[in-house]
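Data block for upload_31.txt (compact mmCIF, N, CA and C atoms):
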```txt
# COMPACT_ATOMS: atom_id res chain seq x y z
N MET A 1 21.42 -8.41 1.06
CA MET A 1 20.96 -9.12 -0.09
C MET A 1 21.74 -8.72 -1.33
N LEU A 2 22.01 -7.44 -1.50
CA LEU A 2 22.74 -6.99 -2.67
C LEU A 2 24.15 -7.56 -2.67
N GLY A 3 24.78 -7.58 -1.49
CA GLY A 3 26.13 -8.15 -1.39
C GLY A 3 26.14 -9.62 -1.75
N ALA A 4 25.14 -10.35 -1.29
CA ALA A 4 25.04 -11.77 -1.64
C ALA A 4 24.84 -11.93 -3.14
N PHE A 5 24.01 -11.10 -3.72
CA PHE A 5 23.76 -11.14 -5.16
C PHE A 5 25.03 -10.85 -5.95
N GLU A 6 25.85 -9.96 -5.42
CA GLU A 6 27.10 -9.58 -6.09
C GLU A 6 28.23 -10.57 -5.80
N GLY A 7 27.95 -11.62 -5.06
CA GLY A 7 28.96 -12.64 -4.79
C GLY A 7 29.85 -12.35 -3.61
N LEU A 8 29.44 -11.44 -2.73
CA LEU A 8 30.26 -11.08 -1.58
C LEU A 8 30.00 -11.95 -0.36
N GLY A 9 29.08 -12.87 -0.46
CA GLY A 9 28.77 -13.75 0.65
C GLY A 9 27.32 -13.62 1.07
N THR A 10 26.98 -14.35 2.11
CA THR A 10 25.60 -14.42 2.58
C THR A 10 25.24 -13.23 3.47
N ASN A 11 23.94 -13.01 3.61
CA ASN A 11 23.46 -12.02 4.56
C ASN A 11 22.76 -12.69 5.74
N ARG A 12 22.88 -13.99 5.84
CA ARG A 12 22.29 -14.75 6.94
C ARG A 12 23.27 -14.83 8.10
N MET A 13 22.89 -14.22 9.22
CA MET A 13 23.79 -14.13 10.37
C MET A 13 24.32 -15.48 10.82
N GLY A 14 23.50 -16.52 10.77
CA GLY A 14 23.94 -17.84 11.20
C GLY A 14 25.00 -18.45 10.31
N GLU A 15 25.17 -17.93 9.11
CA GLU A 15 26.15 -18.46 8.17
C GLU A 15 27.42 -17.61 8.10
N ILE A 16 27.49 -16.55 8.91
CA ILE A 16 28.65 -15.66 8.88
C ILE A 16 29.60 -16.05 10.00
N GLU A 17 30.84 -16.29 9.64
CA GLU A 17 31.86 -16.65 10.62
C GLU A 17 32.61 -15.39 11.04
N LEU A 18 32.59 -15.09 12.34
CA LEU A 18 33.29 -13.93 12.86
C LEU A 18 34.69 -14.33 13.28
N ARG A 19 35.66 -13.51 12.92
CA ARG A 19 37.06 -13.75 13.28
C ARG A 19 37.61 -12.52 13.98
N GLY A 20 38.68 -12.71 14.71
CA GLY A 20 39.34 -11.59 15.36
C GLY A 20 38.78 -11.31 16.74
N VAL A 21 38.85 -10.07 17.17
CA VAL A 21 38.42 -9.65 18.49
C VAL A 21 36.91 -9.85 18.60
N PRO A 22 36.43 -10.39 19.74
CA PRO A 22 34.99 -10.57 19.91
C PRO A 22 34.24 -9.23 19.78
N VAL A 23 33.07 -9.29 19.19
CA VAL A 23 32.26 -8.11 18.96
C VAL A 23 32.02 -7.33 20.25
N ASP A 24 31.74 -8.02 21.35
CA ASP A 24 31.47 -7.34 22.63
C ASP A 24 32.64 -6.48 23.09
N LYS A 25 33.84 -6.80 22.67
CA LYS A 25 35.01 -6.03 23.09
C LYS A 25 35.21 -4.77 22.25
N VAL A 26 34.65 -4.72 21.05
CA VAL A 26 34.90 -3.58 20.17
C VAL A 26 33.66 -2.76 19.84
N LYS A 27 32.49 -3.24 20.23
CA LYS A 27 31.28 -2.49 19.89
C LYS A 27 31.19 -1.22 20.74
N ARG A 28 30.52 -0.22 20.18
CA ARG A 28 30.30 1.02 20.92
C ARG A 28 28.97 1.62 20.51
N ARG A 29 28.43 2.40 21.40
CA ARG A 29 27.15 3.05 21.14
C ARG A 29 27.40 4.39 20.45
N PHE A 30 26.53 4.74 19.56
CA PHE A 30 26.60 6.02 18.88
C PHE A 30 25.43 6.88 19.32
N ARG A 31 25.67 8.17 19.36
CA ARG A 31 24.60 9.09 19.69
C ARG A 31 23.63 9.13 18.52
N ARG A 32 22.35 9.09 18.82
CA ARG A 32 21.32 9.14 17.78
C ARG A 32 21.41 10.46 17.03
N GLN A 33 21.25 10.37 15.71
CA GLN A 33 21.33 11.57 14.89
C GLN A 33 20.14 12.48 15.14
N ASN A 34 20.33 13.74 14.85
CA ASN A 34 19.26 14.72 14.96
C ASN A 34 18.56 14.78 13.61
N ASN A 35 17.30 14.39 13.57
CA ASN A 35 16.58 14.43 12.30
C ASN A 35 15.47 15.48 12.30
N VAL A 36 15.56 16.42 13.24
CA VAL A 36 14.59 17.51 13.29
C VAL A 36 14.92 18.50 12.17
N LEU A 37 13.89 18.97 11.50
CA LEU A 37 14.10 19.92 10.41
C LEU A 37 13.67 21.33 10.78
N GLN A 38 12.58 21.47 11.50
CA GLN A 38 12.05 22.79 11.81
C GLN A 38 12.97 23.51 12.80
N GLY A 39 13.31 24.75 12.47
CA GLY A 39 14.10 25.58 13.37
C GLY A 39 15.58 25.24 13.43
N GLN A 40 16.06 24.38 12.60
CA GLN A 40 17.46 23.95 12.65
C GLN A 40 18.37 24.77 11.73
N PHE A 41 17.82 25.40 10.73
CA PHE A 41 18.62 26.06 9.71
C PHE A 41 18.18 27.52 9.59
N PRO A 42 19.15 28.44 9.55
CA PRO A 42 18.81 29.86 9.48
C PRO A 42 18.08 30.21 8.18
N ASN A 43 17.00 30.98 8.31
CA ASN A 43 16.25 31.51 7.17
C ASN A 43 15.57 30.42 6.33
N VAL A 44 15.42 29.21 6.91
CA VAL A 44 14.76 28.10 6.22
C VAL A 44 13.56 27.66 7.05
N HIS A 45 12.42 27.54 6.39
CA HIS A 45 11.19 27.11 7.05
C HIS A 45 10.71 25.84 6.36
N VAL A 46 10.66 24.75 7.12
CA VAL A 46 10.24 23.46 6.57
C VAL A 46 8.85 23.13 7.10
N THR A 47 7.92 22.87 6.19
CA THR A 47 6.58 22.47 6.56
C THR A 47 6.39 21.05 6.08
N MET A 48 6.22 20.14 7.06
CA MET A 48 6.05 18.73 6.73
C MET A 48 4.63 18.30 7.03
N GLY A 49 3.99 17.73 6.04
CA GLY A 49 2.71 17.09 6.28
C GLY A 49 3.03 15.65 6.67
N ASN A 50 2.32 14.71 6.10
CA ASN A 50 2.66 13.30 6.30
C ASN A 50 3.84 12.99 5.40
N THR A 51 5.03 12.99 5.97
CA THR A 51 6.27 12.83 5.22
C THR A 51 6.93 11.51 5.57
N CYS A 52 7.38 10.79 4.56
CA CYS A 52 8.10 9.53 4.79
C CYS A 52 9.42 9.82 5.49
N GLU A 53 9.65 9.16 6.59
CA GLU A 53 10.86 9.36 7.39
C GLU A 53 12.13 9.04 6.59
N ALA A 54 12.12 7.92 5.89
CA ALA A 54 13.32 7.49 5.16
C ALA A 54 13.33 7.98 3.72
N GLY A 55 12.33 8.72 3.31
CA GLY A 55 12.26 9.21 1.94
C GLY A 55 12.54 10.70 1.89
N CYS A 56 11.50 11.45 1.64
CA CYS A 56 11.65 12.89 1.43
C CYS A 56 12.21 13.61 2.65
N LYS A 57 11.81 13.22 3.85
CA LYS A 57 12.33 13.89 5.04
C LYS A 57 13.84 13.72 5.14
N ALA A 58 14.31 12.51 4.89
CA ALA A 58 15.76 12.25 4.94
C ALA A 58 16.49 13.03 3.86
N ILE A 59 15.93 13.06 2.65
CA ILE A 59 16.57 13.78 1.55
C ILE A 59 16.66 15.27 1.88
N VAL A 60 15.58 15.85 2.40
CA VAL A 60 15.60 17.27 2.76
C VAL A 60 16.67 17.53 3.82
N ARG A 61 16.74 16.67 4.83
CA ARG A 61 17.74 16.86 5.90
C ARG A 61 19.16 16.76 5.36
N ILE A 62 19.42 15.77 4.52
CA ILE A 62 20.76 15.60 3.95
C ILE A 62 21.15 16.83 3.13
N GLN A 63 20.22 17.31 2.32
CA GLN A 63 20.52 18.45 1.46
C GLN A 63 20.71 19.73 2.28
N LEU A 64 19.88 19.94 3.30
CA LEU A 64 20.05 21.13 4.14
C LEU A 64 21.36 21.09 4.91
N ASP A 65 21.75 19.90 5.39
CA ASP A 65 23.05 19.77 6.05
C ASP A 65 24.18 20.16 5.09
N GLN A 66 24.07 19.70 3.85
CA GLN A 66 25.08 20.03 2.84
C GLN A 66 25.12 21.53 2.56
N LEU A 67 23.95 22.13 2.41
CA LEU A 67 23.88 23.56 2.13
C LEU A 67 24.37 24.41 3.30
N GLN A 68 24.17 23.91 4.50
CA GLN A 68 24.68 24.63 5.68
C GLN A 68 26.20 24.50 5.74
N ALA A 69 26.70 23.30 5.47
CA ALA A 69 28.14 23.06 5.55
C ALA A 69 28.91 23.88 4.52
N ASP A 70 28.35 24.06 3.33
CA ASP A 70 29.10 24.82 2.32
C ASP A 70 28.81 26.32 2.35
N GLY A 71 28.00 26.77 3.32
CA GLY A 71 27.75 28.19 3.51
C GLY A 71 26.61 28.77 2.68
N THR A 72 25.96 27.96 1.89
CA THR A 72 24.88 28.45 1.03
C THR A 72 23.74 29.05 1.84
N LEU A 73 23.35 28.40 2.94
CA LEU A 73 22.24 28.91 3.74
C LEU A 73 22.54 30.27 4.35
N ASP A 74 23.81 30.52 4.65
CA ASP A 74 24.20 31.82 5.22
C ASP A 74 24.09 32.93 4.18
N ARG A 75 24.12 32.56 2.91
CA ARG A 75 24.07 33.56 1.84
C ARG A 75 22.67 33.77 1.27
N LEU A 76 21.66 33.11 1.83
CA LEU A 76 20.30 33.30 1.33
C LEU A 76 19.89 34.76 1.48
N GLU A 77 19.36 35.32 0.43
CA GLU A 77 18.91 36.70 0.48
C GLU A 77 17.44 36.80 0.88
N ARG A 78 16.72 35.71 0.70
CA ARG A 78 15.29 35.66 1.04
C ARG A 78 15.05 34.39 1.84
N PRO A 79 13.98 34.38 2.62
CA PRO A 79 13.63 33.14 3.33
C PRO A 79 13.36 32.02 2.32
N LEU A 80 13.66 30.79 2.72
CA LEU A 80 13.39 29.61 1.91
C LEU A 80 12.34 28.77 2.62
N HIS A 81 11.27 28.44 1.90
CA HIS A 81 10.19 27.62 2.45
C HIS A 81 10.18 26.30 1.69
N ILE A 82 10.25 25.20 2.45
CA ILE A 82 10.25 23.86 1.85
C ILE A 82 9.00 23.14 2.34
N PHE A 83 8.24 22.60 1.40
CA PHE A 83 7.05 21.81 1.72
C PHE A 83 7.30 20.38 1.28
N THR A 84 7.02 19.43 2.17
CA THR A 84 7.15 18.02 1.84
C THR A 84 6.05 17.24 2.55
N GLY A 85 5.60 16.18 1.94
CA GLY A 85 4.51 15.38 2.50
C GLY A 85 3.15 15.96 2.17
N LEU A 86 2.11 15.18 2.44
CA LEU A 86 0.74 15.64 2.23
C LEU A 86 0.46 16.79 3.18
N GLN A 87 -0.05 17.88 2.65
CA GLN A 87 -0.34 19.07 3.45
C GLN A 87 -1.83 19.09 3.76
N PHE A 88 -2.17 19.20 5.04
CA PHE A 88 -3.56 19.17 5.45
C PHE A 88 -4.06 20.50 5.99
N HIS A 89 -3.23 21.50 6.03
CA HIS A 89 -3.69 22.81 6.50
C HIS A 89 -3.55 23.83 5.38
N ASP A 90 -4.26 24.90 5.51
CA ASP A 90 -4.30 25.92 4.46
C ASP A 90 -3.15 26.90 4.64
N ILE A 91 -2.27 26.93 3.68
CA ILE A 91 -1.15 27.85 3.70
C ILE A 91 -1.41 28.88 2.61
N GLN A 92 -1.58 30.11 3.00
CA GLN A 92 -1.97 31.15 2.06
C GLN A 92 -0.80 31.72 1.28
N LYS A 93 0.09 32.37 1.97
CA LYS A 93 1.16 33.10 1.32
C LYS A 93 2.42 33.00 2.17
N VAL A 94 3.55 32.93 1.53
CA VAL A 94 4.81 32.96 2.26
C VAL A 94 5.71 34.01 1.63
N ASP A 95 6.60 34.54 2.40
CA ASP A 95 7.55 35.52 1.92
C ASP A 95 8.86 34.80 1.64
N GLY A 96 9.26 34.73 0.39
CA GLY A 96 10.52 34.09 0.04
C GLY A 96 10.35 33.07 -1.06
N ASP A 97 11.36 32.25 -1.22
CA ASP A 97 11.37 31.22 -2.26
C ASP A 97 10.77 29.94 -1.72
N VAL A 98 10.20 29.13 -2.63
CA VAL A 98 9.52 27.90 -2.24
C VAL A 98 10.08 26.71 -3.02
N ILE A 99 10.32 25.63 -2.28
CA ILE A 99 10.69 24.35 -2.87
C ILE A 99 9.66 23.33 -2.41
N VAL A 100 9.14 22.55 -3.34
CA VAL A 100 8.20 21.47 -3.03
C VAL A 100 8.94 20.16 -3.30
N VAL A 101 8.98 19.29 -2.28
CA VAL A 101 9.74 18.05 -2.38
C VAL A 101 8.81 16.85 -2.29
N GLY A 102 8.82 16.03 -3.32
CA GLY A 102 8.11 14.76 -3.31
C GLY A 102 6.72 14.81 -3.91
N ASP A 103 6.30 13.67 -4.40
CA ASP A 103 5.00 13.55 -5.05
C ASP A 103 3.84 13.87 -4.11
N CYS A 104 3.98 13.53 -2.86
CA CYS A 104 2.89 13.78 -1.91
C CYS A 104 2.61 15.27 -1.73
N ALA A 105 3.61 16.10 -1.89
CA ALA A 105 3.46 17.54 -1.70
C ALA A 105 3.17 18.27 -3.01
N LYS A 106 3.06 17.55 -4.10
CA LYS A 106 2.92 18.18 -5.42
C LYS A 106 1.73 19.14 -5.49
N GLY A 107 0.70 18.90 -4.72
CA GLY A 107 -0.46 19.78 -4.69
C GLY A 107 -0.11 21.21 -4.30
N MET A 108 0.99 21.40 -3.61
CA MET A 108 1.41 22.75 -3.20
C MET A 108 1.78 23.61 -4.41
N LEU A 109 2.05 22.98 -5.55
CA LEU A 109 2.38 23.75 -6.76
C LEU A 109 1.20 24.58 -7.24
N GLU A 110 -0.02 24.17 -6.87
CA GLU A 110 -1.19 24.98 -7.22
C GLU A 110 -1.16 26.31 -6.47
N ARG A 111 -0.71 26.30 -5.22
CA ARG A 111 -0.63 27.52 -4.42
C ARG A 111 0.62 28.33 -4.75
N PHE A 112 1.68 27.62 -5.13
CA PHE A 112 2.96 28.27 -5.41
C PHE A 112 3.46 27.83 -6.79
N PRO A 113 2.86 28.35 -7.87
CA PRO A 113 3.20 27.90 -9.22
C PRO A 113 4.64 28.20 -9.63
N ASN A 114 5.31 29.12 -8.96
CA ASN A 114 6.70 29.43 -9.30
C ASN A 114 7.71 28.65 -8.47
N ALA A 115 7.22 27.72 -7.66
CA ALA A 115 8.10 26.93 -6.79
C ALA A 115 8.96 25.98 -7.62
N LYS A 116 10.12 25.65 -7.08
CA LYS A 116 10.94 24.58 -7.64
C LYS A 116 10.34 23.28 -7.14
N TYR A 117 10.35 22.26 -7.98
CA TYR A 117 9.74 20.97 -7.60
C TYR A 117 10.71 19.83 -7.82
N TRP A 118 10.85 18.99 -6.78
CA TRP A 118 11.63 17.76 -6.89
C TRP A 118 10.72 16.60 -6.55
N GLY A 119 10.39 15.83 -7.56
CA GLY A 119 9.53 14.67 -7.42
C GLY A 119 9.57 13.88 -8.70
N SER A 120 8.63 12.99 -8.89
CA SER A 120 8.60 12.20 -10.10
C SER A 120 8.52 13.11 -11.32
N CYS A 121 9.19 12.72 -12.36
CA CYS A 121 9.16 13.47 -13.61
C CYS A 121 9.31 12.46 -14.76
N GLU A 122 9.26 12.95 -15.95
CA GLU A 122 9.36 12.05 -17.10
C GLU A 122 10.67 11.27 -17.08
N LYS A 123 11.76 11.94 -16.75
CA LYS A 123 13.07 11.29 -16.74
C LYS A 123 13.20 10.28 -15.59
N TYR A 124 12.59 10.57 -14.45
CA TYR A 124 12.68 9.71 -13.27
C TYR A 124 11.27 9.41 -12.76
N ALA A 125 10.51 8.68 -13.52
CA ALA A 125 9.12 8.37 -13.15
C ALA A 125 9.06 7.52 -11.88
N ASN A 126 8.10 7.84 -11.02
CA ASN A 126 7.84 7.08 -9.79
C ASN A 126 9.04 6.97 -8.87
N CYS A 127 9.94 7.88 -8.94
CA CYS A 127 11.11 7.79 -8.08
C CYS A 127 11.55 9.20 -7.73
N ASN A 128 11.27 9.65 -6.52
CA ASN A 128 11.66 11.01 -6.19
C ASN A 128 12.68 11.12 -5.08
N THR A 129 12.87 10.09 -4.28
CA THR A 129 13.75 10.26 -3.13
C THR A 129 15.20 10.44 -3.54
N HIS A 130 15.58 9.98 -4.70
CA HIS A 130 16.97 10.13 -5.12
C HIS A 130 17.24 11.48 -5.76
N LEU A 131 16.21 12.24 -6.08
CA LEU A 131 16.41 13.48 -6.83
C LEU A 131 17.26 14.50 -6.07
N GLY A 132 17.26 14.43 -4.77
CA GLY A 132 18.08 15.36 -4.00
C GLY A 132 19.56 15.15 -4.22
N HIS A 133 19.96 13.99 -4.74
CA HIS A 133 21.37 13.68 -4.91
C HIS A 133 21.89 14.01 -6.30
N LEU A 134 21.04 14.39 -7.23
CA LEU A 134 21.50 14.69 -8.58
C LEU A 134 22.36 15.94 -8.56
N PRO A 135 23.59 15.86 -9.07
CA PRO A 135 24.50 17.00 -8.94
C PRO A 135 24.04 18.25 -9.68
N ASP A 136 23.33 18.10 -10.79
CA ASP A 136 22.91 19.27 -11.55
C ASP A 136 21.43 19.58 -11.40
N ASP A 137 20.66 18.67 -10.82
CA ASP A 137 19.22 18.85 -10.72
C ASP A 137 18.71 18.79 -9.29
N GLY A 138 19.52 18.41 -8.34
CA GLY A 138 19.07 18.19 -6.98
C GLY A 138 18.78 19.47 -6.22
N ILE A 139 18.32 19.34 -5.02
CA ILE A 139 17.96 20.49 -4.18
C ILE A 139 19.16 21.42 -4.00
N ALA A 140 20.33 20.84 -3.83
CA ALA A 140 21.51 21.65 -3.57
C ALA A 140 22.11 22.27 -4.83
N ALA A 141 21.56 21.95 -6.00
CA ALA A 141 22.12 22.50 -7.26
C ALA A 141 21.84 23.97 -7.39
```

Representation of the structure as C-alpha cells:
Amino acid sequence: MLGAFEGLGTNRMGEIELRGVPVDKVKRRFRRQNNVLQGQFPNVHVTMGNTCEAGCKAIVRIQLDQLQADGTLDRLERPLHIFTGLQFHDIQKVDGDVIVVGDCAKGMLERFPNAKYWGSCEKYANCNTHLGHLPDDGIAA
C-alpha cells in the first residue's frame, strides 16, 4: 500500500505483470528464523508475559542480536533482566540490571524503580515498538 501511495505501482497481485524467469524456477525456501529469547544470550534473562510477537518481542530480539554481534553482551559485568508484556506472576528480586520494555510491562517499574524503561513517553506518545531503534535512546544505546 505504501508503494502504491508513493507512485511505485499497485499492490494488487492480479494487476502485477511478471517478466523474466518464471517464479517457480527461482523461488527457494528459507529456514524459519529463531525467535526464542529465553536462554539464547549469555547473562541475559528475558521474562515475557503476554508479549506482542511483532512488537516488543521482535524489538527485544533485534536489539539482543545486535548487542551480541557487537560483543556488548560478552562484556556485561552483571546479569541483565528484561521484562516485556503483561506480567502475571510475582517477581520479587533479581540480581543485576533491569530493563522494562513496552507499555504492557510498565507495572514492573513499581518493583524495579531503578530500571531503564522503553515505552510510550512524552516525546513518543502511544508508540513504543520503534524505541529500540533510536540510536541514542534505544535499548542498544

Task: Interatomic distance (Å, one decimal) between CA of Ala105 in chain A and atom C of Gln87 in chain A - done: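 Interatomic distance, CA of Ala105 in chain A to atom C of Gln87 in chain A: 7.8 Å.
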
Give one line per residue of range 40-91 of chain A that approaches range 112-125 of chain A to at most 12 Å, naming the two atoms of the closest pair and their distance in Å to one decimal, counting only C-alpha atoms; sort by chain then ascending residue number and deliver it as a Markdown table.
```
| residue | atom | partner | partner_atom | distance |
| --- | --- | --- | --- | --- |
| A:Gly55 | CA | A:Gly119 | CA | 11.2 |
| A:Cys56 | CA | A:Gly119 | CA | 9.3 |
| A:Ile59 | CA | A:Trp118 | CA | 10.6 |
| A:Val60 | CA | A:Trp118 | CA | 10.4 |
| A:Leu80 | CA | A:Ala115 | CA | 10.5 |
| A:His81 | CA | A:Ala115 | CA | 9.5 |
| A:Ile82 | CA | A:Ala115 | CA | 9.4 |
| A:Phe83 | CA | A:Tyr117 | CA | 9.7 |
| A:Thr84 | CA | A:Trp118 | CA | 9.8 |
| A:Gly85 | CA | A:Gly119 | CA | 11.1 |
| A:Ile91 | CA | A:Phe112 | CA | 10.0 |
```

Sorted per-residue table, range 53-137 of chain A near range 14-37 of chain A, closest atoms and distance, 9 Å, only C-alpha atoms, as JSON lines:
```
{"residue": "A:Lys57", "atom": "CA", "partner": "A:Leu37", "partner_atom": "CA", "distance": 8.3}
{"residue": "A:Ala58", "atom": "CA", "partner": "A:Asn35", "partner_atom": "CA", "distance": 7.7}
{"residue": "A:Val60", "atom": "CA", "partner": "A:Leu37", "partner_atom": "CA", "distance": 8.2}
{"residue": "A:Arg61", "atom": "CA", "partner": "A:Leu37", "partner_atom": "CA", "distance": 6.6}
{"residue": "A:Leu64", "atom": "CA", "partner": "A:Leu37", "partner_atom": "CA", "distance": 8.7}
```

Task: d(atom N of Gln68 in chain A, atom C of Arg111 in chain A) in Å - done: 25.7 Å

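The spacing separating atom C of Leu76 in chain A from CA of Asn43 in chain A amounts to 7.5 Å.
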